[in-house]
Each structure stands twice: as structure tokens, then as C-alpha cells.
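J.: Data file structure-v3.txt (compact mmCIF, C-alpha atoms) is appended below.
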# COMPACT_ATOMS: atom_id res chain seq x y z
CA MET A 1 0.00 0.00 0.00
CA ASN A 2 1.02 3.59 -0.55
CA TYR A 3 0.62 4.98 2.96
CA GLN A 4 0.41 8.74 3.37
CA ALA A 5 0.15 8.91 7.17
CA PHE A 6 1.84 7.23 10.13
CA LEU A 7 0.87 7.02 13.78
CA ILE A 8 3.92 7.39 16.05
CA LYS A 9 3.61 5.56 19.36
CA TYR A 10 5.70 6.48 22.40
CA GLY A 11 6.07 4.78 25.77
CA GLU A 12 7.54 6.37 28.91
CA ILE A 13 6.64 9.88 27.78
CA ALA A 14 2.98 9.08 28.43
CA VAL A 15 3.56 8.89 32.21
CA LYS A 16 5.50 12.15 32.59
CA GLY A 17 2.60 14.06 34.15
CA LYS A 18 2.79 17.85 33.96
CA ASN A 19 6.12 17.71 32.11
CA ARG A 20 4.76 15.45 29.39
CA HIS A 21 4.44 18.27 26.84
CA ILE A 22 8.18 18.99 27.11
CA PHE A 23 9.04 15.41 26.18
CA GLU A 24 6.43 15.36 23.41
CA ASP A 25 7.74 18.59 21.89
CA THR A 26 11.32 17.26 22.00
CA LEU A 27 10.25 14.00 20.35
CA LEU A 28 8.39 15.93 17.66
CA SER A 29 11.53 18.00 17.02
CA GLN A 30 13.72 14.88 16.85
CA ILE A 31 11.35 13.29 14.33
CA GLN A 32 11.47 16.45 12.20
CA ASN A 33 15.28 16.36 12.32
CA ALA A 34 15.33 12.70 11.27
CA LEU A 35 12.97 13.36 8.36
CA ARG A 36 15.35 15.97 6.92
CA ARG A 37 17.47 13.01 5.79
CA VAL A 38 14.53 11.57 3.81
CA GLU A 39 13.72 12.79 0.33
CA GLY A 40 10.21 14.22 0.29
CA GLU A 41 8.05 16.65 2.26
CA PHE A 42 6.50 15.66 5.60
CA HIS A 43 4.37 17.23 8.30
CA VAL A 44 4.72 16.14 11.94
CA SER A 45 1.95 16.94 14.41
CA LYS A 46 0.61 15.94 17.80
CA GLU A 47 -3.02 15.69 18.80
CA ASN A 48 -4.56 14.49 22.07
CA GLY A 49 -1.82 12.07 23.08
CA ARG A 50 -1.07 10.97 19.52
CA MET A 51 1.74 11.96 17.17
CA TYR A 52 1.48 11.75 13.39
CA VAL A 53 3.72 11.96 10.35
CA GLU A 54 2.00 12.88 7.09
CA ALA A 55 3.69 12.51 3.71
CA LEU A 56 2.94 15.58 1.59
CA SER A 57 4.83 14.35 -1.46
CA ALA A 58 6.27 11.18 -2.97
CA TYR A 59 8.77 9.38 -0.73
CA ASP A 60 10.68 6.13 -0.33
CA TYR A 61 8.98 3.92 2.27
CA GLU A 62 12.13 2.03 3.31
CA GLU A 63 14.09 5.26 3.66
CA LEU A 64 11.35 6.74 5.83
CA MET A 65 11.21 3.68 8.08
CA ASP A 66 14.99 3.68 8.44
CA ALA A 67 14.86 7.28 9.69
CA LEU A 68 11.92 6.85 12.07
CA THR A 69 13.25 3.64 13.62
CA LYS A 70 16.38 5.52 14.74
CA VAL A 71 14.51 8.18 16.75
CA PHE A 72 14.78 7.49 20.49
CA GLY A 73 11.42 7.85 22.22
CA VAL A 74 9.52 6.12 19.41
CA VAL A 75 8.26 2.66 20.41
CA GLY A 76 6.19 1.95 17.32
CA ILE A 77 5.37 3.27 13.84
CA CYS A 78 1.96 2.38 12.45
CA PRO A 79 1.34 2.97 8.72
CA MET A 80 -2.28 4.03 8.57
CA VAL A 81 -5.14 5.19 6.40
CA ARG A 82 -6.70 8.49 7.51
CA LEU A 83 -10.36 8.96 6.63
CA GLU A 84 -12.94 11.72 6.90
CA ASP A 85 -16.09 10.83 8.85
CA GLU A 86 -18.68 10.29 6.12
CA GLY A 87 -20.89 7.82 7.99
CA PHE A 88 -20.74 4.12 8.79
CA ASP A 89 -21.32 2.82 5.26
CA ALA A 90 -18.39 4.84 3.87
CA LEU A 91 -16.21 3.68 6.76
CA ALA A 92 -17.13 0.02 6.26
CA GLU A 93 -16.35 0.29 2.55
CA ALA A 94 -12.98 1.87 3.33
CA ILE A 95 -12.14 -0.87 5.87
CA VAL A 96 -12.94 -3.62 3.34
CA SER A 97 -10.79 -1.85 0.72
CA TYR A 98 -7.97 -1.56 3.30
CA VAL A 99 -8.02 -5.32 4.04
CA GLU A 100 -8.20 -6.11 0.33
CA GLU A 101 -5.14 -4.02 -0.46
CA ALA A 102 -3.04 -4.66 2.66
CA TYR A 103 -3.36 -8.47 2.78
CA GLU A 104 -2.89 -10.47 -0.39
CA ASP A 105 -3.40 -13.76 1.47
CA LYS A 106 -6.72 -13.58 3.30
CA HIS A 107 -6.26 -16.81 5.26
CA PHE A 108 -5.81 -15.26 8.70
CA THR A 109 -7.64 -14.69 11.95
CA PHE A 110 -8.55 -11.16 12.93
CA LYS A 111 -10.35 -8.88 15.32
CA VAL A 112 -11.45 -5.25 15.03
CA ASN A 113 -10.41 -2.98 17.87
CA ALA A 114 -12.45 0.24 17.81
CA ARG A 115 -11.84 3.26 20.06
CA ARG A 116 -13.82 6.48 20.24
CA ALA A 117 -11.95 9.58 21.37
CA ARG A 118 -15.01 11.42 20.05
CA LYS A 119 -17.87 10.24 22.25
CA ASN A 120 -20.58 11.84 20.08
CA TYR A 121 -20.04 9.16 17.45
CA PRO A 122 -23.45 7.40 17.03
CA MET A 123 -22.12 3.88 17.79
CA THR A 124 -20.28 2.61 20.86
CA SER A 125 -16.82 1.10 20.45
CA MET A 126 -18.16 -2.44 20.89
CA GLU A 127 -20.98 -1.87 18.39
CA LEU A 128 -18.61 -0.38 15.82
CA ALA A 129 -16.09 -3.23 16.18
CA ALA A 130 -18.81 -5.86 15.77
CA ALA A 131 -20.41 -4.15 12.77
CA LEU A 132 -17.09 -3.66 10.96
CA GLY A 133 -16.05 -7.24 11.74
CA GLU A 134 -19.28 -8.44 10.15
CA LYS A 135 -18.60 -6.43 6.99
CA ILE A 136 -15.10 -7.94 6.73
CA LEU A 137 -16.48 -11.49 7.14
CA ASP A 138 -19.08 -10.84 4.44
CA ALA A 139 -16.42 -9.56 2.04
CA PHE A 140 -13.81 -12.25 2.73
CA PRO A 141 -15.27 -15.66 3.69
CA GLU A 142 -11.80 -17.17 4.18
CA VAL A 143 -10.94 -14.99 7.19
CA ARG A 144 -11.94 -16.02 10.72
CA VAL A 145 -12.56 -14.06 13.90
CA ASP A 146 -10.32 -14.67 16.92
CA VAL A 147 -10.75 -12.06 19.64
CA HIS A 148 -8.11 -13.61 21.92
CA LYS A 149 -5.05 -14.24 19.72
CA PRO A 150 -5.75 -12.76 16.29
CA GLN A 151 -3.09 -12.81 13.61
CA VAL A 152 -4.28 -9.39 12.45
CA CYS A 153 -5.71 -6.69 14.69
CA ILE A 154 -7.45 -3.95 12.70
CA ASN A 155 -7.47 -0.78 14.77
CA VAL A 156 -10.06 1.91 14.12
CA GLU A 157 -9.73 5.17 16.05
CA ILE A 158 -12.52 7.72 15.91
CA ARG A 159 -10.90 11.12 16.37
CA SER A 160 -11.08 14.40 14.43
CA HIS A 161 -10.29 12.04 11.55
CA ILE A 162 -10.75 8.27 11.51
CA ASN A 163 -7.47 6.37 11.68
CA VAL A 164 -7.20 2.77 10.44
CA TYR A 165 -4.06 0.66 10.94
CA SER A 166 -3.08 -2.96 11.56
CA THR A 167 0.72 -3.03 11.45
CA GLU A 168 3.25 -1.72 13.98
CA ILE A 169 6.96 -1.45 13.14
CA PRO A 170 8.99 -1.45 16.39
CA GLY A 171 10.93 1.70 17.23
CA PRO A 172 14.08 1.92 19.38
CA GLY A 173 12.24 3.02 22.54
CA GLY A 174 14.01 5.10 25.17
CA MET A 175 13.62 8.84 25.65
CA PRO A 176 13.98 11.69 23.14
CA VAL A 177 17.57 12.93 22.85
CA GLY A 178 17.92 16.27 24.58
CA THR A 179 15.60 15.60 27.52
CA ALA A 180 18.36 14.48 29.92
CA GLY A 181 21.22 16.94 29.41
CA LYS A 182 24.56 16.36 27.72
CA ALA A 183 27.56 14.12 28.47
CA MET A 184 31.07 13.52 27.14
CA LEU A 185 31.75 10.13 25.55
CA LEU A 186 35.32 8.80 25.57
CA LEU A 187 35.22 7.28 22.09
CA SER A 188 37.81 4.79 20.90
CA GLY A 189 37.97 2.60 17.82
CA GLY A 190 36.76 -0.48 19.67
CA ILE A 191 33.41 -2.21 20.02
CA ASP A 192 32.42 -0.98 23.47
CA SER A 193 32.47 2.83 23.45
CA PRO A 194 30.12 3.33 20.45
CA VAL A 195 27.64 0.98 22.12
CA ALA A 196 27.99 2.94 25.37
CA GLY A 197 27.23 6.14 23.47
CA TYR A 198 24.17 4.54 21.87
CA MET A 199 22.91 3.24 25.22
CA ILE A 200 23.24 6.56 27.03
CA ALA A 201 21.72 8.52 24.12
CA LYS A 202 18.76 6.13 24.33
CA ARG A 203 18.01 7.63 27.75
CA GLY A 204 17.72 11.11 26.26
CA VAL A 205 21.32 12.30 26.74
CA ARG A 206 22.89 14.49 24.05
CA LEU A 207 26.45 13.43 23.17
CA GLU A 208 29.79 15.08 22.68
CA ALA A 209 32.88 12.89 22.27
CA THR A 210 36.65 12.88 22.81
CA TYR A 211 39.08 10.62 20.97
CA PHE A 212 42.78 10.25 21.86
CA HIS A 213 44.99 9.97 18.79
CA ALA A 214 48.68 8.96 18.92
CA PRO A 215 50.44 9.57 15.62
CA PRO A 216 52.60 8.06 14.23
CA TYR A 217 51.77 5.02 16.38
CA THR A 218 48.16 5.26 15.28
CA SER A 219 47.39 5.97 11.63
CA GLU A 220 45.05 8.40 9.91
CA ARG A 221 42.93 5.36 9.06
CA ALA A 222 42.50 4.70 12.79
CA LYS A 223 41.35 8.29 13.22
CA GLN A 224 38.93 7.98 10.29
CA LYS A 225 37.59 4.77 11.80
CA VAL A 226 36.63 6.67 14.97
CA ILE A 227 35.03 9.46 12.93
CA ASP A 228 33.01 6.82 11.08
CA LEU A 229 31.91 5.29 14.40
CA ALA A 230 30.85 8.73 15.62
CA LYS A 231 28.74 9.11 12.47
CA ILE A 232 27.10 5.73 13.11
CA VAL A 233 26.17 6.70 16.67
CA ALA A 234 24.99 10.08 15.35
CA ARG A 235 22.28 8.31 13.34
CA TYR A 236 20.56 7.79 16.69
CA SER A 237 21.90 10.62 18.86
CA GLY A 238 22.02 13.44 16.32
CA PRO A 239 25.21 15.36 15.40
CA ILE A 240 28.22 14.75 17.68
CA LYS A 241 31.01 17.24 18.31
CA LEU A 242 34.19 15.12 18.28
CA ASN A 243 37.33 16.43 19.99
CA ILE A 244 40.44 14.70 18.58
CA VAL A 245 43.33 15.01 21.05
CA ASN A 246 46.95 14.35 20.08
CA PHE A 247 48.05 12.17 23.00
CA THR A 248 51.43 10.94 21.70
CA GLU A 249 53.76 13.14 23.77
CA ILE A 250 51.86 12.46 26.98
CA GLN A 251 51.90 8.71 26.39
CA LEU A 252 55.62 8.66 25.63
CA TYR A 253 56.33 10.75 28.72
CA ILE A 254 54.32 8.39 30.93
CA TYR A 255 56.01 5.41 29.26
CA GLU A 256 59.42 6.91 30.06
CA LYS A 257 58.76 8.01 33.65
CA CYS A 258 56.30 5.53 35.19
CA PRO A 259 56.36 1.79 36.05
CA HIS A 260 55.19 -0.21 33.06
CA ASP A 261 52.64 -2.26 34.98
CA GLN A 262 50.90 1.06 35.82
CA LEU A 263 50.98 2.55 32.31
CA THR A 264 47.38 1.82 31.36
CA ILE A 265 45.92 3.16 34.61
CA ILE A 266 47.99 6.35 34.57
CA MET A 267 47.21 6.98 30.89
CA ARG A 268 43.51 6.46 31.58
CA ARG A 269 43.65 8.96 34.44
CA TYR A 270 45.10 11.65 32.18
CA MET A 271 42.60 10.84 29.45
CA MET A 272 39.80 11.30 31.95
CA MET A 273 41.22 14.64 33.08
CA ILE A 274 41.47 15.96 29.52
CA ALA A 275 38.01 14.67 28.59
CA GLU A 276 36.60 16.28 31.71
CA HIS A 277 38.15 19.62 30.68
CA PHE A 278 36.23 19.51 27.38
CA ALA A 279 33.12 18.28 29.18
CA LYS A 280 33.05 21.22 31.59
CA GLU A 281 33.81 23.64 28.77
CA SER A 282 30.75 22.36 26.87
CA GLY A 283 28.39 22.16 29.83
CA CYS A 284 28.34 18.37 30.00
CA LEU A 285 26.97 16.79 33.15
CA GLY A 286 29.17 13.69 33.15
CA LEU A 287 31.59 11.41 31.32
CA ILE A 288 30.65 8.18 29.52
CA THR A 289 32.93 5.19 28.99
CA GLY A 290 32.45 1.74 27.50
CA GLU A 291 33.98 -0.08 30.46
CA SER A 292 32.60 -3.39 31.74
CA ILE A 293 33.70 -4.91 35.04
CA GLY A 294 36.57 -7.36 34.61
CA GLN A 295 36.74 -7.22 30.82
CA VAL A 296 40.42 -6.12 30.85
CA ALA A 297 42.97 -5.22 33.53
CA SER A 298 42.03 -1.53 33.55
CA GLN A 299 38.38 -2.42 34.14
CA THR A 300 38.63 -4.30 37.43
CA MET A 301 36.82 -2.69 40.36
CA PRO A 302 40.07 -1.40 41.94
CA SER A 303 41.22 -0.02 38.58
CA LEU A 304 37.93 1.79 37.96
CA ALA A 305 38.06 3.27 41.45
CA VAL A 306 41.58 4.65 40.85
CA THR A 307 40.56 6.01 37.43
CA ASN A 308 37.46 7.70 38.87
CA GLU A 309 39.52 9.47 41.52
CA VAL A 310 40.73 12.17 39.09
CA CYS A 311 37.19 13.16 38.06
CA THR A 312 34.89 15.67 39.68
CA LEU A 313 32.08 14.96 37.21
CA PRO A 314 30.18 11.66 37.52
CA VAL A 315 31.33 8.84 35.23
CA TYR A 316 28.54 6.83 33.59
CA ARG A 317 29.28 3.29 32.40
CA PRO A 318 26.13 1.92 30.74
CA LEU A 319 27.83 -1.39 29.87
CA ILE A 320 29.21 -2.03 33.35
CA GLY A 321 27.38 -5.34 33.88
CA PHE A 322 27.28 -6.56 30.26
CA ASP A 323 29.00 -9.67 28.93
CA LYS A 324 31.11 -9.14 25.82
CA GLN A 325 28.64 -11.02 23.65
CA GLU A 326 25.80 -8.77 24.81
CA ILE A 327 27.86 -5.74 23.77
CA VAL A 328 28.70 -7.34 20.42
CA ASP A 329 25.00 -8.05 19.81
CA ILE A 330 24.12 -4.36 20.26
CA SER A 331 27.09 -3.36 18.10
CA TYR A 332 25.65 -5.53 15.31
CA LYS A 333 22.19 -4.07 15.90
CA ILE A 334 23.38 -0.48 15.37
CA ASP A 335 25.62 -1.43 12.40
CA ALA A 336 28.81 -0.46 14.22
CA TYR A 337 30.45 -3.89 14.54
CA GLU A 338 32.03 -4.16 11.08
CA THR A 339 33.60 -0.72 11.49
CA SER A 340 34.73 -1.42 15.07
CA ILE A 341 36.70 -4.53 14.08
CA LEU A 342 38.64 -2.88 11.27
CA PRO A 343 42.35 -3.59 12.01
CA PHE A 344 43.44 -0.04 12.86
CA GLU A 345 44.61 0.16 16.47
CA ASP A 346 43.96 3.10 18.77
CA CYS A 347 46.33 4.55 21.36
CA CYS A 348 44.89 2.39 24.15
CA THR A 349 46.12 -0.80 22.48
CA ILE A 350 49.52 0.50 21.32
CA PHE A 351 50.95 1.24 24.79
CA VAL A 352 49.59 -1.71 26.75
CA ALA A 353 51.92 -3.24 29.36
CA LYS A 354 52.65 -6.96 29.12
CA HIS A 355 51.60 -7.50 32.73
CA PRO A 356 49.33 -4.61 33.78
CA VAL A 357 48.41 -4.21 37.42
CA THR A 358 44.85 -5.39 38.14
CA LYS A 359 44.63 -4.13 41.73
CA PRO A 360 46.29 -0.72 41.62
CA ASN A 361 46.92 1.13 44.85
CA LEU A 362 45.93 4.80 44.64
CA LYS A 363 48.79 5.91 46.87
CA SER A 364 51.30 4.07 44.67
CA ILE A 365 49.77 5.47 41.47
CA LYS A 366 49.97 9.03 42.80
CA LYS A 367 53.57 8.48 43.84
CA SER A 368 54.41 7.35 40.31
CA GLU A 369 52.66 10.42 38.89
CA THR A 370 55.02 12.69 40.85
CA HIS A 371 57.69 11.70 38.31
CA LEU A 372 55.61 13.55 35.68
CA GLN A 373 55.37 16.87 37.50
CA GLU A 374 58.07 18.62 35.48
CA LYS A 375 56.23 18.61 32.14
CA ILE A 376 52.80 17.02 32.40
CA GLU A 377 50.73 20.18 33.00
CA GLU A 378 52.30 21.90 30.00
CA MET A 379 51.78 18.80 27.86
CA MET A 380 48.12 18.55 28.85
CA GLN A 381 47.57 22.23 28.04
CA THR A 382 49.20 21.77 24.63
CA ALA A 383 47.05 18.69 23.93
CA ILE A 384 43.91 20.64 24.83
CA GLU A 385 44.83 23.72 22.80
CA THR A 386 45.80 21.74 19.68
CA ALA A 387 42.77 19.44 19.71
CA GLU A 388 41.01 19.09 16.36
CA VAL A 389 37.24 19.44 16.31
CA ILE A 390 35.08 17.51 13.83
CA TYR A 391 31.29 17.48 13.69
CA ALA A 392 30.08 13.96 12.99
CA GLU A 393 26.67 13.91 11.34
CA PRO A 394 24.64 10.91 10.19
What is this structure when it is put down as C-alpha cells?

T.:
Amino acid sequence: MNYQAFLIKYGEIAVKGKNRHIFEDTLLSQIQNALRRVEGEFHVSKENGRMYVEALSAYDYEELMDALTKVFGVVGICPMVRLEDEGFDALAEAIVSYVEEAYEDKHFTFKVNARRARKNYPMTSMELAAALGEKILDAFPEVRVDVHKPQVCINVEIRSHINVYSTEIPGPGGMPVGTAGKAMLLLSGGIDSPVAGYMIAKRGVRLEATYFHAPPYTSERAKQKVIDLAKIVARYSGPIKLNIVNFTEIQLYIYEKCPHDQLTIIMRRYMMMIAEHFAKESGCLGLITGESIGQVASQTMPSLAVTNEVCTLPVYRPLIGFDKQEIVDISYKIDAYETSILPFEDCCTIFVAKHPVTKPNLKSIKKSETHLQEKIEEMMQTAIETAEVIYAEP
């Protein structure tokens, strides 16, 4: 069928009480932004707890669905037929035509679910459902009624217009991006951090990102890989400001001055400090990492505690209790996996110690960091001032 209207269903927003309109308006804005990537003209509106997308010109159905299914806050998209109220006979004829066109194979069970938002309609919901069901049975003898577990549920909503739909394409759920503030994602070229960005954006958080680049030990292709991952996450989160920090001199200095079993922890601490600088500068309310307890040496509970110690902003780790396979599954789902496994290493993997400490002692780490006092502040300032900024858009 050539659908010209779509009902947009949302979940948690419906229980937001007096603030509900704020979430609805943000969702409407996010849908409008997503539709700018779709060829065609569309109108997005909300009406009495419902949100609609109307196609005002020719469009590509698959392209439209791809855009709408990446908008956080949307739990379902229902392609529908929108009718004027011209009496029961006209409605019944339209319903029969809808079933004829939408379902080539008529061997299915069905029920009609009718709802009246407009209580002055001359039939009750039960009467309307029964009468329309009868018309469908008369037109298509091969169909059967099953009110408990129907294969097809034909929904008829009596509102300012009459909406008819029977299919729901799942959306990503979550909350509209922009309703929960902004946070700084530490983005690497691995599998975990893009998934962490996706997960936190799903809760309505707007993203900025910081990537630590170490030329010549990491190549321009490694940098491009991270930019590509930022663009993939941006399909869901919207445009991402990506800060690319040259971390080479700092890493080499740490490598020269500190015990090698502490390299990863100390490097992570300075990464967190630099990322937090950009976060505060941009008004972010926290940092986001892709860490999961016990996945590598720097992600044990003691290691995470020592890393956190340098931060004054909260650090959010949405993957903290995930198994690796669970993370990989989400990476596949958001089309990031194939990019994440490209063989271009980032700075975290280049300077890994052979036997990293798994239970670092904060006092010992701070003592080792005293060996950096001569140059580290100047190096950090240089890294911050020379950072490259790229805007990653879907």
C-alpha cells in the first residue's frame, strides 16, 4: 500500500505528568530532524496524546522507516489510512478496501479494535467493532474471527479524523535525545564505546565525544575509523562534536617516567582529566565510557576506582554489567560492529603493558605520577589547545 500517514507511538513519555508536553515537543523536534534526511516533504503533528507523520509528497517507504526507527522515544510506527467521517457505510467500505489491499493472502484470523476519542459518534466502540467485523467477514469468507489471539488486529480510532491501521513497526524506545542533558563520551575505535554512546543517548542524553589519537603510532585510518563510528552513533543521537586530542607526547612521557605495569591506569587517568576539561567547557553533566567490570585489567573494580579518583564529574558506564557477547550483539544491531573490528589500532592498544596491574593502589599510582610533574601540565595544556574538532553527522 502507498501509505500517506503514520501514527507514532511512544512509551515512557505518556507517564510524565505535567512535564509530558516537554518530552512530546522534543520528540516531535527529533522526528522532524530525522525526516530531513529523507527525500520528500512531511508534516509532523501531535493531537490528544497521539503523534502523526504525514507525507505531503512522494517518498521512499524504506528510507522513511529507516529514519523513524532511529529516533529514540519512538516505540512503534503504524502505517495508517486516515479517513474523513462520512458515515458508517463509507467507513465500512474503506475498511474492506484496506483489508483487500493490505493483505494479499486472506487466510488469517482477525479482530477489530475500535476506540472512540469522540464520544458523540453514534455507535459505541463495541458496536462499531462488531459491525465492521461483520462487513469484513461478508467480504472475505476465508478470514476467521479470533478475539483472543488474532493474527491481524485492525485498529479503528474515531478522532477528528478516523485512523485505520493494523501493522506496527517497532521503534528503538528510550527517551527523546535532549531531555536528559549532555555528556562527554570517551570514544575509541573499539566495540564498546560506540555501544555505550548509543545506550546513554537512548536515555535522552545528548552526546559530545573525545578521541585520543597517537600519531605516528596510530594511523590516519585509525582516526577515520573513529570518525566513522561517531557518524554511526549520530544516526541515533544526532550530530556529535568530536574532539580529537593528540596524546602521543603524553603517552611517551608516561612510558618513560612511570612503572610499566601502571601505564594503562595512569594513561587512563590523564585521558579522563582531559576529557573532563572539554566536558566542563561544553556544559556536559558527566563522562561516559564503555567499560565493563573485569573485561580487561584496567576495568577491574580497583582499577575503575583509581581512574574515577581524578574526576569531579560523575562517570557513567552503561555497559558495566554486560558480557562481551551482549555488547557485540548491540554493536551488530546499530551497524557499528564491522567498522569497530577494522584492524586499525587506537592509542589504548599501542601502549599496553605486558603484565598490567589489576589491583592498583591509589597511593602508589599518585607516587608514580610525581615523576611527571616537570612537564605534564604543560603537555596537557598543549594537547587541549591543539585538539582538532570535527562534527560527525549521520

J.: Which is closest to Asn33 in chain A among A:Val177, A:Val226, A:Ile13, A:Leu186, if we use all atoms listed in the file?

T.: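 With all atoms listed in the file as the atom set, the closest residue is A:Val177.
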
J.: My list of candidates is A:Ile365, A:Lys354, A:Val147, A:Val44. Which is closest to Leu68 in chain A when distances are computed with all atoms listed in the file?

T.: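 Among A:Ile365, A:Lys354, A:Val147, A:Val44, it is A:Val44 that comes nearest to Leu68 in chain A.
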
J.: Find the spatial neighbours of Met272 in chain A, counting all atoms listed in the file, within a cut-off of 10 Å - ignore same-chain residues fewer than 5 positions away - and output them as a list in words.

T.: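 The residues that qualify are Leu186, Thr210, Ile266, Met267, His277, Leu287, Ile288, Thr289, Thr307, Asn308, Glu309, Val310, Cys311 and Val315 of chain A.
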
J.: Taking into account all atoms listed in the file, which residue in the set A:Met1, A:Ile136, A:Ala336, A:Leu64 is nearest to Met80 in chain A?

T.: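 Selected residue with least distance to Met80 in chain A: A:Met1.
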
J.: Would you mind telling me which residue in A:Leu229, A:Cys78, A:Val205, A:Leu132 lies nearest to Glu393 in chain A when using all atoms listed in the file?

T.: A:Leu229

J.: Using all atoms listed in the file, which of the listed residues (A:Ala209, A:Met184, A:Gly171, A:His161) sits closest to Glu47 in chain A?

T.: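 Residue with the minimum atom-to-atom distance to Glu47 in chain A: A:His161.
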
J.: Given the choices A:Asn246, A:Asn361, A:Asn120, A:Thr339, which gets closest to Lys231 in chain A if the distance is worked out from all atoms listed in the file?

T.: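 Among A:Asn246, A:Asn361, A:Asn120, A:Thr339, it is A:Thr339 that comes nearest to Lys231 in chain A.
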
J.: Could you tell me how far CA of Met123 in chain A lies from CA of Glu142 in chain A, in Å and to one decimal?

T.: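 CA of Met123 in chain A sits 27.1 Å away from CA of Glu142 in chain A.
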
J.: What gap, in Å, lies between CA of Glu84 in chain A and CA of Val156 in chain A?

T.: 12.5 Å

J.: List the spatial neighbours of Lys202 in chain A as a list in words - criterion: any atom at most 9 Å away, only C-alpha atoms, same-chain residues fewer than 6 positions off excluded.

T.: Val71, Phe72, Gly73, Pro172, Gly173, Gly174, Met175, Pro176, Val177, Tyr236 and Ser237 of chain A

J.: Neighbours of Leu35 in chain A within 12 Å (only C-alpha atoms; same-chain residues fewer than 6 positions away dropped), as a list of chain:residue names?

T.: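 That gives A:Leu28, A:Ser29, A:Glu41, A:Phe42, A:His43, A:Val44, A:Val53, A:Glu54, A:Ala55, A:Tyr59, A:Asp60, A:Tyr61, A:Glu63, A:Leu64, A:Met65, A:Asp66, A:Ala67, A:Leu68, A:Thr69, A:Lys70, A:Val71, A:Arg235.
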
J.: Just give me the gap between CA of Ala234 in chain A and CA of Pro394 in chain A in Å, one decimal is fine.

T.: 5.2 Å

J.: As JSON, please: the centre and edge lengths in Å, to one decimal, of an axis-aligned box enclosing every listed atom of range 277-287 of chain A with 5 Å added on each side.

T.:
{"center_x": 32.6, "center_y": 17.5, "center_z": 30.0, "size_x": 21.2, "size_y": 22.2, "size_z": 16.3}

J.: Within 10 Å of range 104-112 of chain A, counting all atoms listed in the file, which residues qualify if same-chain residues fewer than 3 places away don't, as a PyMOL selection string?

T.: chain A and resi 99-101+115+125-126+128-134+136-137+140-156+166

J.: Fewer than 5 positions away in the same chain doesn't count, so skip those; otherwise give me all residues within 10 Å of Pro343 in chain A, counting only C-alpha atoms, as an NGL selection string.

T.: :A and (189-190 or 221-222 or 225)

J.: Mind dumping range 300-306 of chain A from that block, keeping all heavy atoms, as a PDB file, in the first residue's frame?

T.:
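Here's the written file out-v1.pdb:
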ATOM      1  N   THR A 300      38.964  -3.658  36.158  1.00  0.00           N
ATOM      2  CA  THR A 300      38.626  -4.300  37.432  1.00  0.00           C
ATOM      3  C   THR A 300      38.052  -3.233  38.369  1.00  0.00           C
ATOM      4  O   THR A 300      38.238  -2.037  38.145  1.00  0.00           O
ATOM      5  CB  THR A 300      39.870  -4.928  38.073  1.00  0.00           C
ATOM      6  OG1 THR A 300      40.815  -3.884  38.361  1.00  0.00           O
ATOM      7  CG2 THR A 300      40.511  -5.962  37.161  1.00  0.00           C
ATOM      8  N   MET A 301      37.388  -3.654  39.416  1.00  0.00           N
ATOM      9  CA  MET A 301      36.816  -2.694  40.364  1.00  0.00           C
ATOM     10  C   MET A 301      37.879  -1.769  40.962  1.00  0.00           C
ATOM     11  O   MET A 301      37.696  -0.549  41.009  1.00  0.00           O
ATOM     12  CB  MET A 301      36.047  -3.434  41.462  1.00  0.00           C
ATOM     13  CG  MET A 301      34.741  -4.048  40.997  1.00  0.00           C
ATOM     14  SD  MET A 301      33.433  -2.831  40.786  1.00  0.00           S
ATOM     15  CE  MET A 301      32.899  -2.634  42.479  1.00  0.00           C
ATOM     16  N   PRO A 302      39.036  -2.306  41.418  1.00  0.00           N
ATOM     17  CA  PRO A 302      40.072  -1.397  41.937  1.00  0.00           C
ATOM     18  C   PRO A 302      40.585  -0.424  40.880  1.00  0.00           C
ATOM     19  O   PRO A 302      40.833   0.748  41.176  1.00  0.00           O
ATOM     20  CB  PRO A 302      41.181  -2.356  42.394  1.00  0.00           C
ATOM     21  CG  PRO A 302      40.491  -3.663  42.639  1.00  0.00           C
ATOM     22  CD  PRO A 302      39.408  -3.732  41.609  1.00  0.00           C
ATOM     23  N   SER A 303      40.737  -0.891  39.647  1.00  0.00           N
ATOM     24  CA  SER A 303      41.224  -0.021  38.577  1.00  0.00           C
ATOM     25  C   SER A 303      40.239   1.099  38.282  1.00  0.00           C
ATOM     26  O   SER A 303      40.617   2.260  38.099  1.00  0.00           O
ATOM     27  CB  SER A 303      41.480  -0.835  37.306  1.00  0.00           C
ATOM     28  OG  SER A 303      42.511  -1.780  37.499  1.00  0.00           O
ATOM     29  N   LEU A 304      38.955   0.766  38.229  1.00  0.00           N
ATOM     30  CA  LEU A 304      37.934   1.785  37.964  1.00  0.00           C
ATOM     31  C   LEU A 304      37.884   2.812  39.085  1.00  0.00           C
ATOM     32  O   LEU A 304      37.694   4.012  38.838  1.00  0.00           O
ATOM     33  CB  LEU A 304      36.562   1.122  37.778  1.00  0.00           C
ATOM     34  CG  LEU A 304      36.408   0.199  36.559  1.00  0.00           C
ATOM     35  CD1 LEU A 304      35.030  -0.435  36.545  1.00  0.00           C
ATOM     36  CD2 LEU A 304      36.656   0.955  35.260  1.00  0.00           C
ATOM     37  N   ALA A 305      38.064   2.355  40.306  1.00  0.00           N
ATOM     38  CA  ALA A 305      38.057   3.274  41.445  1.00  0.00           C
ATOM     39  C   ALA A 305      39.216   4.263  41.356  1.00  0.00           C
ATOM     40  O   ALA A 305      39.048   5.467  41.599  1.00  0.00           O
ATOM     41  CB  ALA A 305      38.121   2.494  42.757  1.00  0.00           C
ATOM     42  N   VAL A 306      40.401   3.776  40.985  1.00  0.00           N
ATOM     43  CA  VAL A 306      41.576   4.648  40.852  1.00  0.00           C
ATOM     44  C   VAL A 306      41.399   5.610  39.683  1.00  0.00           C
ATOM     45  O   VAL A 306      41.767   6.790  39.765  1.00  0.00           O
ATOM     46  CB  VAL A 306      42.854   3.800  40.680  1.00  0.00           C
ATOM     47  CG1 VAL A 306      44.037   4.677  40.295  1.00  0.00           C
ATOM     48  CG2 VAL A 306      43.160   3.038  41.959  1.00  0.00           C
TER      49      VAL A 306
END
